[in-house]
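These notes are about the structure you will find just below.
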2 protein chains.
Amino acid sequence: MRDERFCASNCPFTRAIGTIGNKWKPIIINVISTRTVRFGQLDSIIPLISRKVLTEQLKELEEDGLLERLAYKELPPRVEYKLSEKGLAFLPILESIKEWNCKYEVALTPKAHDRVTYAQ
Amino acid sequence: MRDERFCASNCPFTRAIGTIGNKWKPIIINVISTRTVRFGQLDSIIPLISRKVLTEQLKELEEDGLLERLAYKELPPRVEYKLSEKGLAFLPILESIKEWNCKYEVALTPKAHDRVTYAQ
DNA sequence: TTATCTGGTTACTGCGAGGTAACCACAAAT
DNA sequence: ATTTGTGGTTACCTCGCAGTAACCAGATAA
């Protein structure tokens, strides 16, 4: 899940990609953002992710110091996640990605086949 | 390789992550940077990637408009890759990631076991 | 008594990402 | 005649990511 060869690289950029360079972590960080979010909320907000993978990703993010896990000893249990200073410092990067995408993402041009069909 | 469910999302951020949110693409973009690089150079510069995967990633990056492929009809063949405007616009984001990592990546603290060993 | 709620964990399983190795064209060099 | 250089493509196979389903505690509600 986390690529050990990347994390063991002597290139800091490669290590960074080894840490946050997968599809779920930027999504999770973006969802948490500046809030405090419970596990169940993340599970329902993020489409398509399974509880198992969500648990794994959260654990890795915590290990890498991007977020903090607050477990309350209640029943039923309550666990809250919030970004650490490091995680919060990553948010502007996600904003840049959003801006970059909105500026450069081309509207999907219909395929030639479809265009001909409609033109007739 | 590219997650179709991400790319089909109606959330632009999710689509962006579906496009560049994997481990190889940021590395490739960072290596090409402002240069014009040949296939063989990428193959030798980037450690651990196979030619097959490199080809696939380059093709996807081209399809997504991040880079341009220049094939010269020579023998032996020569193919050069360079970033498009969209790809170049992504470089500052990679720089931000480098800065973010250097600022917040904690030096791996030796485990308690090792520390005790050395202390003795 | 039984269901519900929460945040997981575990075992089982399948699919596909990705690695390896062989192969291609064709010119120039040896 | 054979090797080398270049940028791939293809078939084959394996490993592991990730999905599913079952299970857990234990208090509260119905």
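Here's how to read the names in the structure tokens: chain A, B, ... by the order shown, residue numbers from 1 in each chain, ligand numbers from 1 in the order shown.
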Next item on the list: Would you give me, as JSON, numbers by chain, the residues of chain B that come within 10 Å of chain D, using only C-alpha atoms (C1' of nucleotides)?
Entry: {"B": [38, 39, 40, 51, 52, 55, 71, 74, 75, 76, 77, 78, 79]}
Next item on the list: Identify all chain B residues at most 10 Å from chain A by counting only C-alpha atoms; ligands do not count. Present them as a VMD selection string.
Entry: chain B and resid 2 to 3 5 to 6 11 to 27 30 47 to 48 64 to 66 85 to 87 89 to 90 92 to 106
Chain A fitted onto chain B, all C-alpha pairs in order, as a PDB file with C-alpha atoms, in the first residue's frame:
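Dumped to superposed.pdb:
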```pdb
ATOM      1  CA  MET A   1      -3.559   1.863 -13.632  1.00  0.00           C
ATOM      2  CA  ARG A   2      -5.737   4.905 -14.043  1.00  0.00           C
ATOM      3  CA  ASP A   3      -8.771   4.421 -11.807  1.00  0.00           C
ATOM      4  CA  GLU A   4     -11.814   4.740 -14.045  1.00  0.00           C
ATOM      5  CA  ARG A   5     -14.191   5.278 -11.140  1.00  0.00           C
ATOM      6  CA  PHE A   6     -12.123   8.241 -10.062  1.00  0.00           C
ATOM      7  CA  CYS A   7     -11.926   9.688 -13.547  1.00  0.00           C
ATOM      8  CA  ALA A   8     -15.696   9.294 -13.933  1.00  0.00           C
ATOM      9  CA  SER A   9     -16.431  11.134 -10.688  1.00  0.00           C
ATOM     10  CA  ASN A  10     -18.383  14.371 -10.813  1.00  0.00           C
ATOM     11  CA  CYS A  11     -15.902  15.865  -8.345  1.00  0.00           C
ATOM     12  CA  PRO A  12     -13.088  17.616 -10.219  1.00  0.00           C
ATOM     13  CA  PHE A  13     -10.653  17.024  -7.388  1.00  0.00           C
ATOM     14  CA  THR A  14     -11.344  13.298  -7.451  1.00  0.00           C
ATOM     15  CA  ARG A  15     -10.827  13.277 -11.211  1.00  0.00           C
ATOM     16  CA  ALA A  16      -7.504  15.069 -10.787  1.00  0.00           C
ATOM     17  CA  ILE A  17      -6.350  12.470  -8.277  1.00  0.00           C
ATOM     18  CA  GLY A  18      -7.520   9.761 -10.637  1.00  0.00           C
ATOM     19  CA  THR A  19      -5.246  11.238 -13.265  1.00  0.00           C
ATOM     20  CA  ILE A  20      -2.024  12.065 -11.424  1.00  0.00           C
ATOM     21  CA  GLY A  21      -2.558  10.344  -8.079  1.00  0.00           C
ATOM     22  CA  ASN A  22      -0.181   7.438  -8.393  1.00  0.00           C
ATOM     23  CA  LYS A  23       3.450   6.954  -7.631  1.00  0.00           C
ATOM     24  CA  TRP A  24       5.051   7.045 -11.064  1.00  0.00           C
ATOM     25  CA  LYS A  25       3.493  10.044 -12.751  1.00  0.00           C
ATOM     26  CA  PRO A  26       4.758  12.743 -10.400  1.00  0.00           C
ATOM     27  CA  ILE A  27       8.206  11.172 -10.649  1.00  0.00           C
ATOM     28  CA  ILE A  28       8.129  11.137 -14.442  1.00  0.00           C
ATOM     29  CA  ILE A  29       6.883  14.710 -14.666  1.00  0.00           C
ATOM     30  CA  ASN A  30       9.575  15.807 -12.260  1.00  0.00           C
ATOM     31  CA  VAL A  31      12.293  14.104 -14.276  1.00  0.00           C
ATOM     32  CA  ILE A  32      11.186  15.589 -17.571  1.00  0.00           C
ATOM     33  CA  SER A  33      10.633  19.013 -16.031  1.00  0.00           C
ATOM     34  CA  THR A  34      11.545  21.698 -18.553  1.00  0.00           C
ATOM     35  CA  ARG A  35      13.750  19.474 -20.672  1.00  0.00           C
ATOM     36  CA  THR A  36      13.144  17.307 -23.696  1.00  0.00           C
ATOM     37  CA  VAL A  37      13.919  13.750 -22.731  1.00  0.00           C
ATOM     38  CA  ARG A  38      14.203  10.555 -24.718  1.00  0.00           C
ATOM     39  CA  PHE A  39      12.591   7.288 -23.761  1.00  0.00           C
ATOM     40  CA  GLY A  40      15.901   5.613 -23.053  1.00  0.00           C
ATOM     41  CA  GLN A  41      16.944   8.449 -20.783  1.00  0.00           C
ATOM     42  CA  LEU A  42      13.792   8.151 -18.715  1.00  0.00           C
ATOM     43  CA  ASP A  43      14.308   4.414 -18.548  1.00  0.00           C
ATOM     44  CA  SER A  44      17.806   4.810 -17.166  1.00  0.00           C
ATOM     45  CA  ILE A  45      17.194   7.840 -14.956  1.00  0.00           C
ATOM     46  CA  ILE A  46      14.144   6.479 -13.163  1.00  0.00           C
ATOM     47  CA  PRO A  47      15.161   3.601 -10.957  1.00  0.00           C
ATOM     48  CA  LEU A  48      12.999   0.530 -10.493  1.00  0.00           C
ATOM     49  CA  ILE A  49      10.486   1.232 -13.266  1.00  0.00           C
ATOM     50  CA  SER A  50      10.127  -1.334 -16.036  1.00  0.00           C
ATOM     51  CA  ARG A  51       9.976  -0.379 -19.701  1.00  0.00           C
ATOM     52  CA  LYS A  52       6.470  -1.706 -19.942  1.00  0.00           C
ATOM     53  CA  VAL A  53       5.113   0.409 -17.085  1.00  0.00           C
ATOM     54  CA  LEU A  54       7.071   3.423 -18.281  1.00  0.00           C
ATOM     55  CA  THR A  55       5.458   3.080 -21.695  1.00  0.00           C
ATOM     56  CA  GLU A  56       2.001   2.824 -20.141  1.00  0.00           C
ATOM     57  CA  GLN A  57       2.471   5.825 -17.886  1.00  0.00           C
ATOM     58  CA  LEU A  58       3.819   7.960 -20.729  1.00  0.00           C
ATOM     59  CA  LYS A  59       0.876   6.989 -22.895  1.00  0.00           C
ATOM     60  CA  GLU A  60      -1.602   7.966 -20.204  1.00  0.00           C
ATOM     61  CA  LEU A  61       0.180  11.230 -19.535  1.00  0.00           C
ATOM     62  CA  GLU A  62      -0.009  12.012 -23.229  1.00  0.00           C
ATOM     63  CA  GLU A  63      -3.712  11.093 -23.361  1.00  0.00           C
ATOM     64  CA  ASP A  64      -4.373  13.388 -20.420  1.00  0.00           C
ATOM     65  CA  GLY A  65      -2.583  16.219 -22.181  1.00  0.00           C
ATOM     66  CA  LEU A  66       0.300  16.511 -19.737  1.00  0.00           C
ATOM     67  CA  LEU A  67       3.049  15.812 -22.211  1.00  0.00           C
ATOM     68  CA  GLU A  68       3.843  15.729 -25.878  1.00  0.00           C
ATOM     69  CA  ARG A  69       5.412  12.859 -27.711  1.00  0.00           C
ATOM     70  CA  LEU A  70       7.691  13.592 -30.636  1.00  0.00           C
ATOM     71  CA  ALA A  71       8.560  10.557 -32.733  1.00  0.00           C
ATOM     72  CA  TYR A  72      11.193  10.969 -35.423  1.00  0.00           C
ATOM     73  CA  LYS A  73      11.062   8.572 -38.286  1.00  0.00           C
ATOM     74  CA  GLU A  74      14.648   7.499 -38.085  1.00  0.00           C
ATOM     75  CA  LEU A  75      16.432   4.256 -37.593  1.00  0.00           C
ATOM     76  CA  PRO A  76      17.121   3.450 -34.875  1.00  0.00           C
ATOM     77  CA  PRO A  77      13.998   5.274 -33.731  1.00  0.00           C
ATOM     78  CA  ARG A  78      14.115   8.407 -31.653  1.00  0.00           C
ATOM     79  CA  VAL A  79      11.262   9.512 -29.436  1.00  0.00           C
ATOM     80  CA  GLU A  80      11.326  12.597 -27.294  1.00  0.00           C
ATOM     81  CA  TYR A  81       9.004  13.624 -24.522  1.00  0.00           C
ATOM     82  CA  LYS A  82       8.383  17.120 -23.234  1.00  0.00           C
ATOM     83  CA  LEU A  83       5.771  18.636 -20.979  1.00  0.00           C
ATOM     84  CA  SER A  84       2.823  20.475 -22.455  1.00  0.00           C
ATOM     85  CA  GLU A  85       1.535  23.749 -21.049  1.00  0.00           C
ATOM     86  CA  LYS A  86      -0.654  21.731 -18.706  1.00  0.00           C
ATOM     87  CA  GLY A  87       2.297  19.621 -17.611  1.00  0.00           C
ATOM     88  CA  LEU A  88       4.501  22.651 -17.078  1.00  0.00           C
ATOM     89  CA  ALA A  89       1.762  24.217 -14.966  1.00  0.00           C
ATOM     90  CA  PHE A  90       1.958  21.175 -12.725  1.00  0.00           C
ATOM     91  CA  LEU A  91       5.646  21.701 -11.894  1.00  0.00           C
ATOM     92  CA  PRO A  92       5.042  24.378  -9.225  1.00  0.00           C
ATOM     93  CA  ILE A  93       2.826  21.898  -7.409  1.00  0.00           C
ATOM     94  CA  LEU A  94       5.664  19.403  -7.337  1.00  0.00           C
ATOM     95  CA  GLU A  95       7.932  22.124  -5.995  1.00  0.00           C
ATOM     96  CA  SER A  96       5.434  22.792  -3.221  1.00  0.00           C
ATOM     97  CA  ILE A  97       5.464  19.116  -2.341  1.00  0.00           C
ATOM     98  CA  LYS A  98       9.259  19.155  -2.116  1.00  0.00           C
ATOM     99  CA  GLU A  99       9.229  22.177   0.171  1.00  0.00           C
ATOM    100  CA  TRP A 100       6.448  20.709   2.265  1.00  0.00           C
ATOM    101  CA  ASN A 101       8.310  17.439   2.660  1.00  0.00           C
ATOM    102  CA  CYS A 102      11.628  19.058   3.565  1.00  0.00           C
ATOM    103  CA  LYS A 103       9.946  21.216   6.162  1.00  0.00           C
ATOM    104  CA  TYR A 104       7.894  18.529   7.873  1.00  0.00           C
ATOM    105  CA  GLU A 105       9.584  15.193   7.261  1.00  0.00           C
ATOM    106  CA  VAL A 106      10.911  14.118  10.602  1.00  0.00           C
ATOM    107  CA  ALA A 107      14.271  12.396  10.715  1.00  0.00           C
ATOM    108  CA  LEU A 108      13.462   8.778  11.381  1.00  0.00           C
ATOM    109  CA  THR A 109      13.965   8.340  15.085  1.00  0.00           C
ATOM    110  CA  PRO A 110      15.710   5.066  15.845  1.00  0.00           C
ATOM    111  CA  LYS A 111      13.405   2.543  17.445  1.00  0.00           C
ATOM    112  CA  ALA A 112      13.447   2.240  21.227  1.00  0.00           C
ATOM    113  CA  HIS A 113      15.166  -1.108  20.930  1.00  0.00           C
ATOM    114  CA  ASP A 114      18.033   0.339  18.954  1.00  0.00           C
ATOM    115  CA  ARG A 115      18.394   3.364  21.179  1.00  0.00           C
ATOM    116  CA  VAL A 116      18.808   1.203  24.252  1.00  0.00           C
ATOM    117  CA  THR A 117      21.392  -0.880  22.467  1.00  0.00           C
ATOM    118  CA  TYR A 118      23.486   2.140  21.557  1.00  0.00           C
ATOM    119  CA  ALA A 119      23.025   3.758  24.963  1.00  0.00           C
ATOM    120  CA  GLN A 120      24.667   0.793  26.581  1.00  0.00           C
TER     121      GLN A 120
END
```
Distance table requested - chain C against chain B, cut-off 10 Å, only C-alpha atoms (C1' of nucleotides): one row per qualifying residue with the closest atom pair and its distance in Å to one decimal, ordered by chain and rising residue number, as a Markdown table.
```
| residue | atom | partner | partner_atom | distance |
| --- | --- | --- | --- | --- |
| C:DG16 | C1' | B:Met1 | CA | 9.3 |
| C:DA17 | C1' | B:Met1 | CA | 7.0 |
| C:DG18 | C1' | B:Val53 | CA | 7.0 |
| C:DG19 | C1' | B:Ser50 | CA | 7.2 |
| C:DT20 | C1' | B:Ser50 | CA | 9.3 |
| C:DA25 | C1' | B:Leu75 | CA | 8.7 |
| C:DC26 | C1' | B:Leu75 | CA | 6.5 |
| C:DA27 | C1' | B:Leu75 | CA | 6.1 |
| C:DA28 | C1' | B:Leu75 | CA | 9.5 |
```
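Of the residues in region 48-116 of chain A, those that DSSP places in strand (DSSP E or B) on the basis of the backbone are Leu67, Glu68, Arg69, Leu70, Ala71, Tyr72, Arg78, Val79, Glu80, Tyr81, Lys82 and Leu83 of chain A.
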Check: Can you list every residue in chain B that DSSP puts in alpha helix (DSSP H), as a PyMOL selection string?
Finding: chain B and resi 4-7+12-20+24-32+39-45+51-63+85-104+112-119
